[in-house]
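Chemist: Here you go, one structure.
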Amino acid sequence: MQYLIGKTSRLGNRETNQDRLAVLEHEGTVLLIVADGLGGKKGGELAAQALVDTANTLFTASTLPIQDVNQFLTQIMVTAHHNIKDIGAAQSPPLTPGTTGVLCLIQEGVAWWAHVGDSRLYLFRDGLPLYRTQDHSYVEQLYQDGQISLDNLQGHPMRNYVTRCLGLTVNDPEVTLSNEVHMKTGDILLLCTDGLWDPVDDAQIGMLIVNGRLKDALNTLAERAEQVSYPASDNITALAFQLMSLRLSSKTAEAEKNAAHKSTDPLDSAIGEIERAIKQYEGEMDDGNT
């Protein structure tokens with residue numbers, strides 16, 4: 001599997017950057033992480049870093065390729081939740097930090113993702129947003145319930161109120177999981193915090209991200225988000241993965257080559273039909289000769 005990675009994380013107009021991102025790569029498996037520490041609570045950067053650290057620990061200890069990916073992604077989120085609470089309790093004075101987060105694991109050209117809160121994942125194909133995660137937020141719920149329009153969704157005064165996060169709740173977080181998605185060459189996965197997606201709409205993101213190198217495109221998008229939000233720009237973090245090609249094992253490649261050859265060669269097809277007919281009526285022909 002060949003791929004490109006692009007990433008950016010900016011302070012915006014904030015005093016500290018509470019966002020975190022990471023790319024973990026081993027034996028052809030890639031794990032992408034983006035976390036957005038909650039700004040309304042102290043220690044948001046501790047919570048975001050705890051998610052990255054937890055993911056790194058569990059990924060490093062895993063046997064690859066991972067068999068039950070959704071269970072693995074859930075384990076990261078739940079373990080991080082408890083780690084964040086422990087880290088907060090260990091501070092002096094104790095803190096109750098929290099973070100949103102989105103994870104994506106890609107192996108052999110297949111992607112799975114999980115999220116809690118309003119950090120998003122997009123899947124772009126040819127510049128079109130085929131999919132985006134549904135935010136765990138107050139205004140997203142209003143939109144899904146038909147109480148506000150799409151125009152009112154962006155820029156709503158309560159858009160930063162999340163309904164799920166890691167670290168703040170007594171119970172384990174409810175993690176939203178995707179089905180497996182078989183990627184095509186050129187597909188782009190984008191993980192980002194609300195500092196990027198809130199000021200810049202999906203169409204602008206898709207247009208820019210496919211028209212340039214990933215890093216350049218993300219920097220351009222981040223600059224645009226800062227300009228639109230000035231002087232109250234949030235931290236802006238984005239991480240992108242583009243699948244360039246999917247290398248098959250030699251055995252798999254040979255099998256596919258042979259299958260393609262047989263399906264397109266008229267002589268092979270005719271011989272195959274004859275052989276299947278002989279096998280189908282073999283018993284009847286034997287009975288007729290006894």
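The way I read the labels, and the way they are meant: chains A, B, ... in the order of the structure tokens, residue 1 as the first residue of every chain, and ligand 1 as the first ligand shown, with later ones counted on from there.
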Which residues, written as number ranges by chain, have at least one atom at most 8 Å from Leu128 in chain A, with only C-alpha atoms counted and residues fewer than 5 positions away on the same chain left out?

Modeler: A: 203, 206-207

Chemist: Give me, as a PyMOL selection string, the residues of range 10-159 of chain A that a backbone DSSP run labels helix (DSSP H, G or I).

Modeler: chain A and resi 44-60+69-89+138-144+150-153

Chemist: Restricted to N, CA and C atoms, what would the selected residues look like written as a tab-separated table (two decimals), in the first residue's frame?

Modeler:
```tsv
chain	number	residue	atom	x	y	z
A	44	GLY	N	-7.09	20.77	28.66
A	44	GLY	CA	-7.53	20.16	27.41
A	44	GLY	C	-6.39	19.53	26.64
A	45	GLU	N	-5.21	20.18	26.68
A	45	GLU	CA	-4.06	19.63	25.96
A	45	GLU	C	-3.59	18.31	26.60
A	46	LEU	N	-3.78	18.16	27.93
A	46	LEU	CA	-3.44	16.91	28.59
A	46	LEU	C	-4.34	15.78	28.11
A	47	ALA	N	-5.62	16.08	27.97
A	47	ALA	CA	-6.58	15.08	27.51
A	47	ALA	C	-6.30	14.67	26.07
A	48	ALA	N	-6.03	15.65	25.21
A	48	ALA	CA	-5.75	15.35	23.81
A	48	ALA	C	-4.49	14.51	23.67
A	49	GLN	N	-3.45	14.87	24.44
A	49	GLN	CA	-2.20	14.10	24.39
A	49	GLN	C	-2.40	12.69	24.93
A	50	ALA	N	-3.27	12.54	25.92
A	50	ALA	CA	-3.54	11.22	26.48
A	50	ALA	C	-4.16	10.29	25.44
A	51	LEU	N	-5.02	10.83	24.58
A	51	LEU	CA	-5.59	10.01	23.51
A	51	LEU	C	-4.50	9.54	22.55
A	52	VAL	N	-3.61	10.44	22.16
A	52	VAL	CA	-2.50	10.08	21.27
A	52	VAL	C	-1.60	9.03	21.93
A	53	ASP	N	-1.27	9.25	23.20
A	53	ASP	CA	-0.38	8.32	23.90
A	53	ASP	C	-1.02	6.94	24.08
A	54	THR	N	-2.30	6.93	24.39
A	54	THR	CA	-3.01	5.66	24.56
A	54	THR	C	-3.05	4.89	23.24
A	55	ALA	N	-3.35	5.59	22.16
A	55	ALA	CA	-3.38	4.95	20.85
A	55	ALA	C	-2.02	4.38	20.49
A	56	ASN	N	-0.97	5.12	20.78
A	56	ASN	CA	0.38	4.66	20.48
A	56	ASN	C	0.72	3.40	21.26
A	57	THR	N	0.39	3.37	22.54
A	57	THR	CA	0.68	2.21	23.38
A	57	THR	C	-0.04	0.96	22.89
A	58	LEU	N	-1.33	1.09	22.61
A	58	LEU	CA	-2.11	-0.06	22.19
A	58	LEU	C	-1.75	-0.52	20.77
A	59	PHE	N	-1.45	0.43	19.90
A	59	PHE	CA	-1.07	0.08	18.53
A	59	PHE	C	0.26	-0.66	18.52
A	60	THR	N	1.22	-0.17	19.29
A	60	THR	CA	2.54	-0.80	19.35
A	60	THR	C	2.46	-2.22	19.89
A	69	VAL	N	-11.06	-4.67	14.08
A	69	VAL	CA	-10.65	-3.26	14.09
A	69	VAL	C	-11.59	-2.42	14.95
A	70	ASN	N	-12.89	-2.65	14.84
A	70	ASN	CA	-13.82	-1.83	15.62
A	70	ASN	C	-13.62	-2.03	17.12
A	71	GLN	N	-13.34	-3.26	17.52
A	71	GLN	CA	-13.05	-3.50	18.94
A	71	GLN	C	-11.78	-2.78	19.36
A	72	PHE	N	-10.78	-2.78	18.47
A	72	PHE	CA	-9.51	-2.12	18.76
A	72	PHE	C	-9.70	-0.60	18.89
A	73	LEU	N	-10.44	0.01	17.98
A	73	LEU	CA	-10.66	1.45	18.05
A	73	LEU	C	-11.47	1.84	19.28
A	74	THR	N	-12.46	1.02	19.62
A	74	THR	CA	-13.24	1.27	20.83
A	74	THR	C	-12.36	1.17	22.07
A	75	GLN	N	-11.48	0.18	22.09
A	75	GLN	CA	-10.56	0.00	23.22
A	75	GLN	C	-9.69	1.24	23.42
A	76	ILE	N	-9.22	1.82	22.32
A	76	ILE	CA	-8.40	3.04	22.42
A	76	ILE	C	-9.20	4.15	23.08
A	77	MET	N	-10.41	4.38	22.59
A	77	MET	CA	-11.22	5.48	23.12
A	77	MET	C	-11.55	5.28	24.60
A	78	VAL	N	-11.98	4.09	24.96
A	78	VAL	CA	-12.39	3.84	26.35
A	78	VAL	C	-11.18	3.89	27.28
A	79	THR	N	-10.06	3.30	26.86
A	79	THR	CA	-8.86	3.34	27.69
A	79	THR	C	-8.36	4.77	27.85
A	80	ALA	N	-8.39	5.54	26.78
A	80	ALA	CA	-7.99	6.95	26.85
A	80	ALA	C	-8.89	7.72	27.81
A	81	HIS	N	-10.18	7.43	27.77
A	81	HIS	CA	-11.14	8.08	28.67
A	81	HIS	C	-10.71	7.91	30.13
A	82	HIS	N	-10.38	6.68	30.50
A	82	HIS	CA	-9.97	6.42	31.88
A	82	HIS	C	-8.60	7.02	32.19
A	83	ASN	N	-7.71	6.99	31.21
A	83	ASN	CA	-6.39	7.60	31.41
A	83	ASN	C	-6.50	9.10	31.63
A	84	ILE	N	-7.40	9.74	30.89
A	84	ILE	CA	-7.60	11.19	31.04
A	84	ILE	C	-8.11	11.51	32.44
A	85	LYS	N	-9.04	10.73	32.92
A	85	LYS	CA	-9.57	10.96	34.27
A	85	LYS	C	-8.47	10.79	35.32
A	86	ASP	N	-7.63	9.78	35.13
A	86	ASP	CA	-6.53	9.56	36.08
A	86	ASP	C	-5.53	10.71	36.04
A	87	ILE	N	-5.22	11.18	34.82
A	87	ILE	CA	-4.27	12.30	34.68
A	87	ILE	C	-4.82	13.55	35.33
A	88	GLY	N	-6.11	13.81	35.12
A	88	GLY	CA	-6.73	14.99	35.73
A	88	GLY	C	-6.71	14.93	37.25
A	89	ALA	N	-7.00	13.74	37.79
A	89	ALA	CA	-7.03	13.58	39.24
A	89	ALA	C	-5.65	13.73	39.86
A	138	TYR	N	-24.73	19.59	20.08
A	138	TYR	CA	-26.09	20.08	20.26
A	138	TYR	C	-26.70	20.56	18.94
A	139	VAL	N	-25.95	21.33	18.16
A	139	VAL	CA	-26.52	21.87	16.93
A	139	VAL	C	-26.67	20.80	15.85
A	140	GLU	N	-25.79	19.80	15.85
A	140	GLU	CA	-25.94	18.70	14.89
A	140	GLU	C	-27.23	17.94	15.17
A	141	GLN	N	-27.54	17.76	16.45
A	141	GLN	CA	-28.78	17.08	16.80
A	141	GLN	C	-29.99	17.90	16.38
A	142	LEU	N	-29.90	19.22	16.57
A	142	LEU	CA	-30.98	20.09	16.10
A	142	LEU	C	-31.19	19.94	14.59
A	143	TYR	N	-30.09	19.88	13.85
A	143	TYR	CA	-30.17	19.75	12.39
A	143	TYR	C	-30.77	18.39	12.01
A	144	GLN	N	-30.28	17.33	12.65
A	144	GLN	CA	-30.78	16.00	12.33
A	144	GLN	C	-32.26	15.86	12.67
A	150	LEU	N	-29.51	23.71	7.22
A	150	LEU	CA	-28.07	23.57	7.02
A	150	LEU	C	-27.38	24.93	7.11
A	151	ASP	N	-28.05	25.98	6.61
A	151	ASP	CA	-27.47	27.33	6.68
A	151	ASP	C	-27.30	27.79	8.13
A	152	ASN	N	-28.23	27.39	8.99
A	152	ASN	CA	-28.16	27.79	10.40
A	152	ASN	C	-27.17	26.94	11.19
A	153	LEU	N	-26.83	25.78	10.63
A	153	LEU	CA	-25.91	24.88	11.34
A	153	LEU	C	-24.54	25.52	11.50
```

Chemist: Extract the full set of strand (DSSP E) residues from range 24-258 of chain A according to DSSP on the backbone, and format it as a ChimeraX atom specification.

Modeler: /A:24-26,29-37,99-107,110-116,120-125,128-132,176-177,181-182,188-192,236-245

Chemist: Using C-alpha atoms, can you export the residues from the last selection as a JSON list (two decimals), in the first residue's frame?

Modeler:
```json
[["chain", "number", "residue", "atom", "x", "y", "z"],
["A", 24, "LEU", "CA", 1.38, 5.65, 13.52],
["A", 25, "GLU", "CA", 2.76, 3.32, 10.84],
["A", 26, "HIS", "CA", 3.97, -0.28, 11.09],
["A", 29, "THR", "CA", -0.92, -0.65, 8.80],
["A", 30, "VAL", "CA", -1.58, 3.04, 9.46],
["A", 31, "LEU", "CA", -3.39, 4.60, 12.40],
["A", 32, "LEU", "CA", -4.40, 8.28, 12.19],
["A", 33, "ILE", "CA", -5.34, 10.26, 15.29],
["A", 34, "VAL", "CA", -6.72, 13.78, 15.77],
["A", 35, "ALA", "CA", -7.81, 15.12, 19.17],
["A", 36, "ASP", "CA", -9.23, 18.49, 20.20],
["A", 37, "GLY", "CA", -8.87, 19.30, 23.91],
["A", 99, "THR", "CA", -11.19, 16.01, 24.55],
["A", 100, "THR", "CA", -12.98, 15.05, 21.39],
["A", 101, "GLY", "CA", -11.26, 12.59, 19.09],
["A", 102, "VAL", "CA", -11.33, 10.80, 15.77],
["A", 103, "LEU", "CA", -9.32, 7.72, 14.79],
["A", 104, "CYS", "CA", -8.85, 5.98, 11.46],
["A", 105, "LEU", "CA", -7.08, 2.69, 10.78],
["A", 106, "ILE", "CA", -6.09, 1.67, 7.25],
["A", 107, "GLN", "CA", -4.69, -1.71, 6.29],
["A", 110, "VAL", "CA", -9.45, -0.89, 3.77],
["A", 111, "ALA", "CA", -10.34, 1.87, 6.25],
["A", 112, "TRP", "CA", -12.27, 1.94, 9.53],
["A", 113, "TRP", "CA", -12.86, 4.95, 11.74],
["A", 114, "ALA", "CA", -14.28, 5.91, 15.11],
["A", 115, "HIS", "CA", -15.10, 9.24, 16.72],
["A", 116, "VAL", "CA", -16.37, 10.89, 19.88],
["A", 120, "ARG", "CA", -14.51, 14.96, 11.98],
["A", 121, "LEU", "CA", -13.47, 12.49, 9.33],
["A", 122, "TYR", "CA", -14.19, 13.08, 5.65],
["A", 123, "LEU", "CA", -13.79, 10.71, 2.73],
["A", 124, "PHE", "CA", -13.16, 12.56, -0.54],
["A", 125, "ARG", "CA", -13.20, 10.97, -3.97],
["A", 128, "LEU", "CA", -16.44, 15.18, -3.70],
["A", 129, "PRO", "CA", -17.17, 14.52, -0.01],
["A", 130, "LEU", "CA", -18.61, 11.00, -0.17],
["A", 131, "TYR", "CA", -18.91, 10.80, 3.59],
["A", 132, "ARG", "CA", -18.39, 12.75, 6.79],
["A", 176, "THR", "CA", -19.48, 5.83, 16.91],
["A", 177, "LEU", "CA", -17.89, 3.29, 14.56],
["A", 181, "VAL", "CA", -14.62, 0.95, 3.56],
["A", 182, "HIS", "CA", -12.63, -0.32, 0.59],
["A", 188, "ILE", "CA", -8.42, 11.03, 0.51],
["A", 189, "LEU", "CA", -9.28, 10.65, 4.18],
["A", 190, "LEU", "CA", -9.26, 13.91, 6.13],
["A", 191, "LEU", "CA", -9.36, 14.08, 9.92],
["A", 192, "CYS", "CA", -9.78, 17.56, 11.38],
["A", 236, "ILE", "CA", -6.77, 24.41, 13.59],
["A", 237, "THR", "CA", -5.60, 20.85, 13.05],
["A", 238, "ALA", "CA", -5.91, 18.59, 10.01],
["A", 239, "LEU", "CA", -4.43, 15.26, 8.98],
["A", 240, "ALA", "CA", -4.89, 13.76, 5.51],
["A", 241, "PHE", "CA", -4.16, 10.35, 3.99],
["A", 242, "GLN", "CA", -4.28, 9.69, 0.24],
["A", 243, "LEU", "CA", -4.13, 6.16, -1.16],
["A", 244, "MET", "CA", -1.81, 6.14, -4.17],
["A", 245, "SER", "CA", -1.72, 2.42, -4.97]]
```

Chemist: Can you work out the spacing between CA of Ser149 in chain A and CA of Gly39 in chain A in Å, to one decimal?

Modeler: 26.6 Å

Chemist: Which residues of range 15-71 of chain A come within 10 Å of range 214-234 of chain A, and for each one, what is the closest pair of atoms and their distance in Å to one decimal, counting only C-alpha atoms, sorted by chain and residue number, as CSV?

Modeler:
```
residue,atom,partner,partner_atom,distance
A:Glu15,CA,A:Asp234,CA,9.9
A:Thr16,CA,A:Asp234,CA,10.0
A:Asn17,CA,A:Asp234,CA,8.8
A:Gln18,CA,A:Asp234,CA,9.7
A:Asp19,CA,A:Asp234,CA,9.8
A:Gly39,CA,A:Asp234,CA,9.4
```
